[in-house]
Each structure stands twice: as C-alpha cells, then as structure tokens.
>>> print(open('protein.cif').read())   # mmCIF, C-alpha atoms
data_entry
#
loop_
_atom_site.label_atom_id
_atom_site.label_comp_id
_atom_site.auth_asym_id
_atom_site.auth_seq_id
_atom_site.Cartn_x
_atom_site.Cartn_y
_atom_site.Cartn_z
CA MET A 141 -12.57 17.28 26.87
CA GLU A 142 -13.43 13.86 25.47
CA ASN A 143 -10.47 11.72 24.47
CA PHE A 144 -10.00 11.42 20.70
CA ILE A 145 -9.65 7.90 19.26
CA VAL A 146 -7.76 7.70 15.97
CA SER A 147 -9.67 6.11 13.08
CA ALA A 148 -7.17 3.24 12.80
CA ARG A 149 -8.23 2.14 16.31
CA LYS A 150 -11.84 3.28 16.28
CA TYR A 151 -12.64 1.40 13.06
CA ARG A 152 -10.34 -1.56 13.60
CA PRO A 153 -12.24 -4.67 12.40
CA SER A 154 -13.57 -7.00 15.09
CA ILE A 155 -14.84 -9.69 12.69
CA PHE A 156 -13.38 -11.16 9.51
CA ASP A 157 -16.14 -9.67 7.33
CA ASP A 158 -14.92 -6.16 8.20
CA VAL A 159 -11.29 -6.78 7.17
CA VAL A 160 -10.46 -4.69 4.09
CA GLY A 161 -8.76 -6.15 1.02
CA GLN A 162 -7.69 -9.55 2.42
CA LYS A 163 -10.65 -11.75 1.48
CA HIS A 164 -8.38 -14.56 0.24
CA ILE A 165 -7.00 -14.87 3.78
CA THR A 166 -10.15 -14.33 5.84
CA ASP A 167 -12.11 -16.89 3.79
CA THR A 168 -9.36 -19.49 4.26
CA LEU A 169 -9.20 -18.91 8.01
CA LEU A 170 -12.98 -19.13 8.38
CA ASN A 171 -13.03 -22.39 6.43
CA GLU A 172 -10.30 -23.83 8.64
CA ILE A 173 -12.28 -22.89 11.77
CA ASN A 174 -15.59 -24.23 10.42
CA ASN A 175 -14.00 -27.48 9.26
CA ASN A 176 -12.00 -27.88 12.50
CA HIS A 177 -8.84 -27.97 10.41
CA LEU A 178 -6.70 -25.45 12.30
CA ALA A 179 -2.93 -25.48 12.09
CA GLN A 180 -1.03 -25.07 15.34
CA ALA A 181 1.25 -22.33 13.99
CA PHE A 182 0.48 -19.50 11.57
CA LEU A 183 2.77 -16.90 10.04
CA PHE A 184 1.14 -13.69 8.80
CA THR A 185 3.49 -11.76 6.55
CA GLY A 186 3.12 -8.64 4.43
CA PRO A 187 3.64 -4.84 4.32
CA ARG A 188 2.84 -2.59 7.27
CA GLY A 189 -0.72 -1.56 7.97
CA VAL A 190 -2.51 -4.23 5.91
CA GLY A 191 -4.23 -6.15 8.73
CA LYS A 192 -1.81 -8.80 9.99
CA THR A 193 -2.17 -8.09 13.72
CA THR A 194 -5.89 -7.35 13.29
CA CYS A 195 -6.51 -10.74 11.66
CA ALA A 196 -4.38 -12.43 14.33
CA ARG A 197 -6.56 -10.92 17.09
CA ILE A 198 -9.81 -11.81 15.30
CA LEU A 199 -8.61 -15.37 14.75
CA ALA A 200 -7.55 -15.65 18.40
CA LYS A 201 -10.99 -14.45 19.48
CA VAL A 202 -13.01 -16.65 17.10
CA ILE A 203 -11.10 -19.91 17.73
CA ASN A 204 -12.62 -20.44 21.20
CA GLN A 205 -16.13 -19.19 20.39
CA LYS A 206 -19.03 -21.61 20.20
CA ASP A 207 -22.44 -21.18 18.60
CA ASN A 208 -24.26 -20.55 21.88
CA ASP A 209 -21.61 -18.18 23.30
CA ASP A 210 -22.26 -14.58 24.21
CA PRO A 211 -20.87 -12.60 21.22
CA ASN A 212 -19.21 -10.17 23.66
CA LEU A 213 -17.20 -12.97 25.24
CA ASP A 214 -13.69 -12.65 23.81
CA TYR A 215 -11.75 -15.20 25.95
CA ALA A 216 -9.16 -12.52 26.69
CA PHE A 217 -7.52 -14.70 29.35
CA ASN A 218 -6.70 -17.25 26.65
CA ILE A 219 -4.90 -14.75 24.40
CA PHE A 220 -1.29 -13.71 25.01
CA GLU A 221 0.52 -11.08 22.94
CA LEU A 222 4.27 -10.64 22.77
CA ASP A 223 6.01 -7.78 20.97
CA ALA A 224 9.20 -9.38 19.70
CA ALA A 225 10.69 -5.97 18.92
CA SER A 226 11.14 -5.27 22.64
CA ASN A 227 11.03 -8.84 24.00
CA ASN A 228 13.52 -10.61 21.76
CA SER A 229 15.83 -12.41 24.16
CA VAL A 230 16.11 -16.09 25.08
CA ASP A 231 14.70 -15.36 28.55
CA ASP A 232 11.55 -13.81 27.04
CA ILE A 233 10.93 -16.93 24.92
CA ARG A 234 11.65 -19.25 27.86
CA GLN A 235 9.07 -17.36 29.91
CA LEU A 236 6.57 -17.83 27.07
CA THR A 237 7.27 -21.57 26.79
CA GLU A 238 6.73 -21.92 30.53
CA GLN A 239 3.27 -20.37 30.10
CA VAL A 240 2.50 -22.77 27.25
CA ARG A 241 2.69 -25.74 29.65
CA ILE A 242 -0.36 -24.50 31.58
CA PRO A 243 -3.65 -25.59 29.93
CA PRO A 244 -6.52 -23.08 29.49
CA GLN A 245 -8.94 -22.66 32.41
CA THR A 246 -11.84 -21.79 30.08
CA GLY A 247 -12.25 -22.45 26.38
CA THR A 248 -10.42 -24.99 24.26
CA TYR A 249 -7.31 -23.14 23.13
CA LYS A 250 -4.61 -20.78 24.35
CA ILE A 251 -3.42 -18.45 21.59
CA TYR A 252 -0.01 -16.79 21.50
CA ILE A 253 0.42 -13.81 19.14
CA ILE A 254 4.05 -12.84 18.53
CA ASP A 255 4.26 -9.55 16.61
CA GLU A 256 7.36 -8.48 14.65
CA VAL A 257 8.68 -12.01 15.07
CA HIS A 258 11.66 -11.33 12.76
CA MET A 259 13.14 -9.23 15.59
CA LEU A 260 13.83 -12.31 17.74
CA SER A 261 17.51 -13.13 18.16
CA SER A 262 18.91 -16.33 16.67
CA GLN A 263 19.19 -17.81 20.14
CA ALA A 264 15.56 -16.94 20.90
CA PHE A 265 14.45 -18.54 17.62
CA ASN A 266 16.33 -21.72 18.50
CA ALA A 267 14.82 -21.77 21.99
CA PHE A 268 11.37 -21.47 20.40
CA LEU A 269 11.86 -24.27 17.84
CA LYS A 270 11.02 -27.27 20.00
CA THR A 271 7.84 -25.70 21.39
CA LEU A 272 6.73 -24.69 17.89
CA GLU A 273 7.42 -28.16 16.50
CA GLU A 274 5.57 -30.12 19.22
CA PRO A 275 3.17 -27.72 20.98
CA PRO A 276 0.47 -28.99 23.35
CA LYS A 277 -2.82 -29.67 21.56
CA TYR A 278 -4.43 -26.63 23.20
CA ALA A 279 -1.72 -24.13 22.07
CA ILE A 280 -1.87 -22.16 18.83
CA PHE A 281 0.83 -19.72 17.75
CA ILE A 282 0.22 -16.76 15.41
CA LEU A 283 3.41 -15.03 14.26
CA ALA A 284 3.32 -11.72 12.40
CA THR A 285 6.13 -10.05 10.47
CA THR A 286 6.84 -7.49 7.77
CA GLU A 287 10.14 -9.20 6.87
CA LYS A 288 9.64 -12.91 6.28
CA HIS A 289 13.14 -13.31 4.85
CA LYS A 290 14.60 -12.61 8.32
CA VAL A 291 12.71 -15.51 9.91
CA LEU A 292 14.71 -18.75 10.16
CA PRO A 293 13.72 -21.38 7.55
CA THR A 294 13.29 -23.88 10.38
CA ILE A 295 10.57 -21.62 11.84
CA LEU A 296 8.91 -21.08 8.44
CA SER A 297 8.72 -24.81 7.79
CA ARG A 298 6.67 -25.29 10.98
CA CYS A 299 4.09 -22.60 10.11
CA GLN A 300 1.15 -22.23 7.79
CA ILE A 301 2.11 -19.06 5.89
CA PHE A 302 -0.41 -16.40 4.86
CA ASN A 303 0.86 -13.63 2.57
CA PHE A 304 -1.02 -10.37 3.09
CA LYS A 305 -1.11 -8.12 0.03
CA ARG A 306 -1.04 -4.36 -0.33
CA ILE A 307 -4.58 -3.01 -0.16
CA GLN A 308 -5.86 -1.69 -3.48
CA VAL A 309 -6.74 1.98 -3.85
CA LYS A 310 -10.41 1.27 -4.63
CA ASP A 311 -10.79 -0.83 -1.46
CA MET A 312 -9.25 1.91 0.67
CA VAL A 313 -11.44 4.56 -0.94
CA ASN A 314 -14.58 2.52 -0.25
CA HIS A 315 -13.52 2.06 3.38
CA LEU A 316 -12.84 5.78 3.76
CA LYS A 317 -16.27 6.54 2.28
CA THR A 318 -17.98 4.42 4.96
CA ILE A 319 -16.08 6.32 7.68
CA VAL A 320 -17.02 9.65 6.08
CA VAL A 321 -20.70 8.69 6.31
CA LYS A 322 -20.42 7.45 9.91
CA GLU A 323 -18.52 10.56 11.05
CA ASN A 324 -20.85 12.92 9.13
CA ILE A 325 -17.91 14.43 7.22
CA LYS A 326 -17.86 15.88 3.71
CA ALA A 327 -15.13 14.63 1.38
CA GLU A 328 -14.53 14.83 -2.37
CA ASP A 329 -13.93 11.49 -4.11
CA GLU A 330 -10.74 12.84 -5.71
CA ALA A 331 -9.44 13.78 -2.25
CA LEU A 332 -10.04 10.28 -0.90
CA HIS A 333 -8.36 8.77 -3.97
CA LEU A 334 -5.33 10.96 -3.38
CA ILE A 335 -5.09 9.86 0.26
CA ALA A 336 -5.38 6.20 -0.79
CA GLU A 337 -2.69 6.60 -3.46
CA LYS A 338 -0.33 8.31 -1.02
CA ALA A 339 -0.83 5.46 1.49
CA ASP A 340 0.85 3.03 -0.95
CA GLY A 341 -1.17 -0.03 0.04
CA GLY A 342 -1.20 0.56 3.82
CA LEU A 343 -4.67 1.17 5.23
CA ARG A 344 -3.32 2.34 8.59
CA ASP A 345 -1.32 5.06 6.80
CA ALA A 346 -4.43 6.07 4.85
CA LEU A 347 -6.45 6.39 8.07
CA SER A 348 -3.72 8.46 9.72
CA MET A 349 -3.67 10.86 6.77
CA PHE A 350 -7.48 10.93 6.77
CA ASP A 351 -7.51 12.02 10.45
CA GLN A 352 -4.95 14.68 9.66
CA MET A 353 -7.05 16.02 6.78
CA VAL A 354 -10.25 16.02 8.89
CA SER A 355 -8.49 18.31 11.38
CA PHE A 356 -6.95 20.50 8.68
CA CYS A 357 -10.15 20.86 6.62
CA ASN A 358 -12.48 21.10 9.63
CA GLY A 359 -14.67 18.24 8.38
CA ASP A 360 -14.86 19.26 4.69
CA ILE A 361 -12.06 17.51 2.78
CA THR A 362 -11.28 18.84 -0.71
CA TYR A 363 -8.78 17.71 -3.34
CA THR A 364 -6.90 21.04 -3.27
CA GLN A 365 -6.50 20.94 0.51
CA VAL A 366 -5.17 17.37 0.42
CA VAL A 367 -2.61 18.39 -2.22
CA ASP A 368 -1.47 21.34 -0.10
CA ASN A 369 -1.46 19.65 3.30
CA LEU A 370 0.18 16.36 2.30
CA ASN A 371 2.71 18.19 0.09
CA LEU A 372 1.72 16.36 -3.10
CA LEU A 373 2.23 17.48 -6.68
CA ASP A 374 -1.13 18.26 -8.28
CA LYS A 375 -1.95 15.93 -11.21
CA ASP A 376 -3.07 18.98 -13.19
CA TYR A 377 0.60 19.93 -13.66
CA TYR A 378 1.17 16.73 -15.63
CA PHE A 379 -1.87 17.37 -17.83
CA LYS A 380 -0.61 20.90 -18.58
CA VAL A 381 2.97 19.76 -19.23
CA THR A 382 1.76 17.00 -21.55
CA ASP A 383 -0.41 19.44 -23.51
CA ALA A 384 2.57 21.76 -23.88
CA ILE A 385 4.80 18.84 -25.01
CA LEU A 386 2.22 17.79 -27.61
CA ASN A 387 2.08 21.39 -28.85
CA GLN A 388 5.92 21.49 -28.85
CA ASN A 389 5.82 24.62 -26.71
CA VAL A 390 9.28 24.40 -25.13
CA GLY A 391 9.02 27.65 -23.17
CA GLU A 392 5.73 26.64 -21.55
CA VAL A 393 7.09 23.22 -20.60
CA LEU A 394 10.18 24.69 -18.94
CA ASN A 395 8.09 27.28 -17.10
CA TYR A 396 5.81 24.57 -15.68
CA PHE A 397 8.87 22.65 -14.48
CA ASP A 398 10.18 25.84 -12.86
CA MET A 399 6.86 26.19 -10.98
CA VAL A 400 7.24 22.63 -9.72
CA LEU A 401 10.76 23.37 -8.41
CA GLU A 402 9.56 26.59 -6.75
CA LYS A 403 7.01 24.56 -4.81
CA GLY A 404 9.91 22.58 -3.35
CA PHE A 405 9.47 19.32 -5.28
CA ASP A 406 12.40 17.20 -6.42
CA GLY A 407 13.15 16.87 -10.14
CA GLN A 408 13.16 13.08 -9.96
CA LEU A 409 9.74 13.06 -8.32
CA PHE A 410 8.52 15.14 -11.27
CA LEU A 411 10.05 12.66 -13.75
CA ASN A 412 8.45 9.71 -11.95
CA GLY A 413 5.07 11.45 -11.88
CA LEU A 414 5.30 12.31 -15.58
CA ASN A 415 6.19 8.69 -16.35
CA GLU A 416 3.13 7.51 -14.43
CA HIS A 417 1.04 10.08 -16.32
CA PHE A 418 2.23 8.72 -19.69
CA ARG A 419 1.51 5.19 -18.48
CA ASN A 420 -2.05 6.19 -17.51
CA LEU A 421 -2.58 7.75 -20.94
CA MET A 422 -1.35 4.53 -22.55
CA VAL A 423 -3.73 2.23 -20.64
CA CYS A 424 -6.62 4.57 -21.51
CA LYS A 425 -6.13 3.98 -25.21
CA ASP A 426 -7.25 0.34 -25.05
CA ALA A 427 -10.61 -0.74 -23.66
CA ALA A 428 -9.00 -3.99 -22.47
CA THR A 429 -6.61 -2.09 -20.15
CA ALA A 430 -8.84 0.86 -19.19
CA HIS A 431 -9.65 -0.78 -15.84
CA LEU A 432 -5.95 -0.41 -14.86
CA LEU A 433 -6.51 3.34 -14.48
CA ASP A 434 -7.08 3.68 -10.74
CA VAL A 435 -8.02 7.34 -10.26
CA GLY A 436 -11.14 9.32 -9.37
CA GLU A 437 -13.90 9.97 -11.91
CA ILE A 438 -12.86 13.58 -12.60
CA HIS A 439 -9.28 12.65 -13.43
CA LYS A 440 -10.42 9.57 -15.34
CA ALA A 441 -12.39 11.84 -17.69
CA LYS A 442 -9.30 14.06 -18.13
CA TYR A 443 -7.10 11.06 -18.95
CA ASN A 444 -9.60 9.75 -21.49
CA GLU A 445 -9.79 13.17 -23.15
CA GLN A 446 -6.02 13.71 -23.32
CA SER A 447 -5.34 10.16 -24.52
CA LYS A 448 -7.32 10.95 -27.70
CA ASN A 449 -4.64 13.52 -28.62
CA THR A 450 -1.73 11.12 -28.17
CA ASN A 451 -0.68 8.10 -30.19
CA LEU A 452 0.92 4.94 -28.86
CA THR A 453 4.23 5.52 -30.64
CA PHE A 454 4.64 8.90 -28.97
CA LEU A 455 3.81 7.48 -25.52
CA LEU A 456 6.20 4.53 -25.86
CA ASN A 457 9.06 6.83 -26.84
CA ALA A 458 8.18 9.31 -24.10
CA LEU A 459 8.22 6.52 -21.51
CA ASN A 460 11.56 5.28 -22.83
CA ILE A 461 13.17 8.75 -22.66
CA ASN A 462 11.76 9.49 -19.21
CA ASN A 463 12.87 6.14 -17.84
CA GLN A 464 16.42 6.62 -19.14
CA PHE A 465 16.72 10.09 -17.62
CA ASP A 466 15.24 8.82 -14.34
CA LEU A 467 17.95 6.13 -14.12
CA GLU A 468 20.69 8.71 -14.76
CA TYR A 469 19.27 11.43 -12.48
CA LYS A 470 21.31 10.63 -9.34
CA ASN A 471 24.61 10.71 -11.24
CA SER A 472 23.90 14.04 -12.92
CA ARG A 473 25.91 17.03 -11.67
CA ASN A 474 23.29 19.55 -12.81
CA GLN A 475 20.04 17.82 -12.00
CA ARG A 476 17.79 20.69 -13.08
CA LEU A 477 19.44 20.79 -16.52
CA HIS A 478 19.18 16.99 -16.67
CA VAL A 479 15.37 17.13 -16.32
CA GLU A 480 15.13 20.10 -18.70
CA LEU A 481 17.05 18.12 -21.33
CA ALA A 482 14.56 15.26 -20.92
CA LEU A 483 11.67 17.71 -21.43
CA LEU A 484 13.34 19.18 -24.55
CA LYS A 485 13.68 15.69 -26.04
CA LEU A 486 10.04 14.96 -25.26
CA CYS A 487 9.04 18.13 -27.10
CA HIS A 488 10.89 16.99 -30.24
CA ILE A 489 9.50 13.44 -30.43
CA LYS A 490 6.68 14.46 -32.79
CA ASN A 491 9.07 16.21 -35.20
CA MET A 492 11.30 13.18 -35.46
CA LEU A 493 8.38 10.82 -35.92
CA ASN A 494 6.86 13.03 -38.62
CA SER A 495 10.13 13.45 -40.55
CA ALA A 496 10.80 9.71 -40.76
CA THR A 497 9.86 8.35 -44.20
CA THR A 498 10.68 4.67 -43.69
CA LEU A 499 10.48 2.23 -40.81
CA ASP A 500 14.29 1.90 -40.65
CA GLU A 501 14.66 5.65 -40.58
CA LEU A 502 12.03 5.87 -37.84
CA LYS A 503 13.96 3.36 -35.73
CA LYS A 504 17.22 5.31 -36.18
CA LYS A 505 15.60 8.62 -35.27
CA VAL A 506 13.93 7.13 -32.20
CA MET A 507 17.21 5.63 -31.01
CA SER A 508 18.96 8.99 -31.47
CA ILE A 509 16.47 10.98 -29.38
#
>>> encode(input="protein.cif", output="structure tokens")
Amino acid sequence: MENFIVSARKYRPSIFDDVVGQKHITDTLLNEINNNHLAQAFLFTGPRGVGKTTCARILAKVINQKDNDDPNLDYAFNIFELDAASNNSVDDIRQLTEQVRIPPQTGTYKIYIIDEVHMLSSQAFNAFLKTLEEPPKYAIFILATTEKHKVLPTILSRCQIFNFKRIQVKDMVNHLKTIVVKENIKAEDEALHLIAEKADGGLRDALSMFDQMVSFCNGDITYTQVVDNLNLLDKDYYFKVTDAILNQNVGEVLNYFDMVLEKGFDGQLFLNGLNEHFRNLMVCKDAATAHLLDVGEIHKAKYNEQSKNTNLTFLLNALNINNQFDLEYKNSRNQRLHVELALLKLCHIKNMLNSATTLDELKKKVMSI
C-alpha cells in the first residue's frame, strides 16, 4: 500500500509565490534578497499553522541561490534546524554556537532556523545573545515563535521582526479549491467555507480537517457531512431561530434551542453563534459593510434575504441582550434557563419597540429589557 502524505506536507509551499495569505511578508523578504539588504537575524511570529516555518525554510533555500543555479539545488548542507521545544538547554545553544564558527563549504551563507524559540531557557537565551549580536558575516538566524512575549527583549532588539497574520477565510477557501482540482475531488463551496471558518486562521488546521473530510466523504465533500463530522452547529438553526424571534413565536424558539441541546451543543456556543448571526445580518444592511460577510454564496443569499425583515434597532438591542447573557453564562446556576430567558427577551424586543411613543420612553424600555 502506498504511503499517504497529508495535504499540509504534500502541498507545503516551496517558493514564496505559493505562500498563502502572507504577501506582505513574502514581498518584503524577496525585496531584501534582491537588493542584497538581508538582516542577520529574523524573528517570525504569529499564530500556529500560518506559514512561519515554511517561510523560514524557503528563505533559507533562496538566500544561497544564484541566477545560474540548478533550481533543484537547495543547499541543504548550509541549513540547520533546531527545535527549541526539545533542545532548550545551555548545552544545546553552545553546540549551535560552535557550529556557527565553521564557514560554509559551498554557497555564501549558513542559515540557522530555531523553531519555537520561546521555549529556550533564560540561561540558553543569555548564552545565545553574544552570537546573535555579532554573528559571522556568513551566518543568518531565523527564529520562529507563536509567543513573542516570552522572548527576551534583548533577543527581540537584535532581530528583524515579521508578524504573521491569521489567514483569511477566502484565502483558505481558494487554496482548498486548488487542492480539490489537483486531487480530483468533489467539494461544495459551503463545505470548504465551513472548514476554513472552523480552522480559525490556521491553514494547517484547515488542511488537516480537509483530509479528514476526504476520508469521511469518500472524495465527495458536502456541507451536511462537514457539519456532522466536525460536530458543528448548522447555520440553518440560527436562521430558523431568528425567524421565530421576529414572529414572536416563543414556543418555536424554545423548541429549536432544545434541539440544539439534544445534539450535545453547549448553551454558550449557541449564544455566541446567535450573536455572530445577528452581526452578519447587521453588516448585510449596509452596502459599505456587505464585504465583511465572509460566508459561502448560498448562505450569503440567505443573510441578505433575512436582513430585509430586520431593522437596525432590533439587531442592536438583540446583540446587546445576547452579549450580556453571554457574559453572565458561566456564573448562572441554571444555564439552560439562563439561555431560555435570553431568548424570551429577544422575542419581546419588537413589542417594546412598537409600544414606545417617545424617544425617552424607547430608551427606558430598551434598558429594561
């Protein structure tokens, strides 16, 4: 049986142009290389799975390349990687600094990639300081970390710092679509959007979930299957609950919430999802903010349709109520009743708004909800 290679490794970028969602960093690094303006120490910082180590390896490979080089030549003997999570002692750093003294046999530079650098002990950091401050002209250090605040300020001051950002949903979806085509897989756009949203800005997480769904769906990924397999709450519940709230149908609202609980979802997760739903309806109401709605085309049409039946005053009050109940959720002794009370108040917003005859009265009624 042929060995399976996970998508995160199989489609790991080998050139800067293939890096997803970090153009502000890749362009800067390419300009530094082209202008021969390279720093001797870099710090790549940002959330997990956004391309820090990948960019470090690409940079390490490109630094030594010349125009007439074989593109397959990667100068592997000039690149040294150290995982600071498991090699965080003074002795490990002293061994590295001993290696730094030896000039490269081929190429111009020796590159040292230290991953999870925040895991180094204070003594190891101090042992590394002198080498980082006055490295040989052929040595370049690339440090990567998810927790920049744990790195000593004296180390930070000696590095050129690049802040990697969370990858946007649309960029992840586009990347997943290219993989779908290459792997000859069928996938609904809504399903890919859901995977990207669940990944929370980490492309590696999105690719791991994508592999999982390919196996589960046998190469035909649908929205419903992603919801079931990744244990997500279907967006359609929020559309139905909102319709019931707008119609002031208390019984229907409570029954929908009961269905959510029966599926094993937490009440606070439901409140957070409903808050996000109200927020999406709000941004739909203004053409200037419509681009902030980052969902698939099918759900975008549903949001646009439902937003026509809501007014801004209702949404602002609904968001305020939901947010207040969300903050108090953990301290509630009866958490189910706590959420049900929030839903009851949401159902009565329209009555209170309609019964107010003056602006002052409206303000009082809103504050008393």
>>> residues_near_point(input="protein.cif", point="(2.9, -17.7, 10.2)", cutoff="8 Å", atoms="all atoms listed in the file", output="PDB file with C-alpha atoms, in the coordinates of the input")
ATOM      1  CA  ALA A 181       1.250 -22.330  13.990  1.00  0.00           C
ATOM      2  CA  PHE A 182       0.480 -19.500  11.570  1.00  0.00           C
ATOM      3  CA  LEU A 183       2.770 -16.900  10.040  1.00  0.00           C
ATOM      4  CA  PHE A 184       1.140 -13.690   8.800  1.00  0.00           C
ATOM      5  CA  THR A 185       3.490 -11.760   6.550  1.00  0.00           C
ATOM      6  CA  ILE A 282       0.220 -16.760  15.410  1.00  0.00           C
ATOM      7  CA  LEU A 283       3.410 -15.030  14.260  1.00  0.00           C
ATOM      8  CA  ALA A 284       3.320 -11.720  12.400  1.00  0.00           C
ATOM      9  CA  LEU A 296       8.910 -21.080   8.440  1.00  0.00           C
ATOM     10  CA  CYS A 299       4.090 -22.600  10.110  1.00  0.00           C
ATOM     11  CA  GLN A 300       1.150 -22.230   7.790  1.00  0.00           C
ATOM     12  CA  ILE A 301       2.110 -19.060   5.890  1.00  0.00           C
ATOM     13  CA  PHE A 302      -0.410 -16.400   4.860  1.00  0.00           C
TER      14      PHE A 302
END
>>> axis_aligned_box(input="protein.cif", around="segment 173-184 of chain A", padding_each_side="6 Å", output="lines of an AutoDock Vina configuration file")
center_x = -6.4
center_y = -20.8
center_z = 12.1
size_x = 30.4
size_y = 26.3
size_z = 18.5
>>> resolve_selection(input="protein.cif", expression="the PyMOL selection byres ((chain A and resi 360) around 7)", output="PyMOL selection string")
chain A and resi 325-327+357-359+361-362
>>> resolve_selection(input="protein.cif", expression="the PyMOL selection byres ((chain A and resi 162-177) around 8)", output="MDAnalysis selection string")
chainID A and resid 156:157 159:161 178:179 191 195 199 203 302 304:305 307
>>> residues_around(input="protein.cif", residues="Lys310 of chain A", least_positions_apart="3", cutoff="12 Å", atoms="only C-alpha atoms", output="list in words")
Val160, Gly161, Arg306, Ile307, Val313, Asn314, His315, Leu316, Lys317, Asp329, Glu330, Leu332, His333, Leu334, Ile335, Ala336, Glu337, Asp340, Gly341, Leu343, His431, Leu432, Leu433, Asp434, Val435, Gly436 and Glu437 of chain A
>>> resolve_selection(input="protein.cif", expression="the PyMOL selection byres ((chain A and resi 252) around 12)", output="ChimeraX atom specification")
/A:180-183,193,196-197,199-201,216-224,233,236-237,239-240,249-251,253-255,257,271-272,275,278-284
>>> residues_near_point(input="protein.cif", point="(8.5, -4.8, 11.8)", cutoff="8 Å", atoms="only C-alpha atoms", output="MDAnalysis selection string")
chainID A and resid 188 225 255:259 285:287
>>> atom_distance(input="protein.cif", atom1="atom CA of Ala331 of chain A", atom2="atom CA of Asn420 of chain A")
18.6 Å
>>> atom_distance(input="protein.cif", atom1="atom CA of Val291 of chain A", atom2="atom CA of Lys277 of chain A")
24.0 Å
>>> closest_residue(input="protein.cif", among="A:Lys448, A:Lys375, A:Arg473, A:Lys380", to="Gly413 of chain A", atoms="all atoms listed in the file")
A:Lys375
>>> closest_residue(input="protein.cif", among="A:Thr294, A:Gln263, A:Ser447, A:Thr246", to="Arg234 of chain A", atoms="all atoms listed in the file")
A:Gln263
>>> atom_distance(input="protein.cif", atom1="atom CA of Val393 of chain A", atom2="atom CA of Lys485 of chain A")
11.4 Å
>>> closest_residue(input="protein.cif", among="A:Ile438, A:Ala346, A:Ala427, A:Leu394", to="Tyr363 of chain A", atoms="all atoms listed in the file")
A:Ile438
>>> closest_residue(input="protein.cif", among="A:Ile198, A:Ile319, A:Val390, A:Ala458", to="Met422 of chain A", atoms="all atoms listed in the file")
A:Ala458
>>> closest_residue(input="protein.cif", among="A:Leu373, A:Ala441, A:Met353, A:Met492", to="Lys403 of chain A", atoms="only C-alpha atoms")
A:Leu373
>>> residues_around(input="protein.cif", residues="Ala430 of chain A", least_positions_apart="6", cutoff="10 Å", atoms="all atoms listed in the file", output="JSON, numbers by chain")
{"A": [420, 421, 422, 423, 424, 440, 444]}
>>> closest_residue(input="protein.cif", among="A:Ser147, A:Asn266, A:Asn303, A:Ser226", to="Pro187 of chain A", atoms="all atoms listed in the file")
A:Asn303
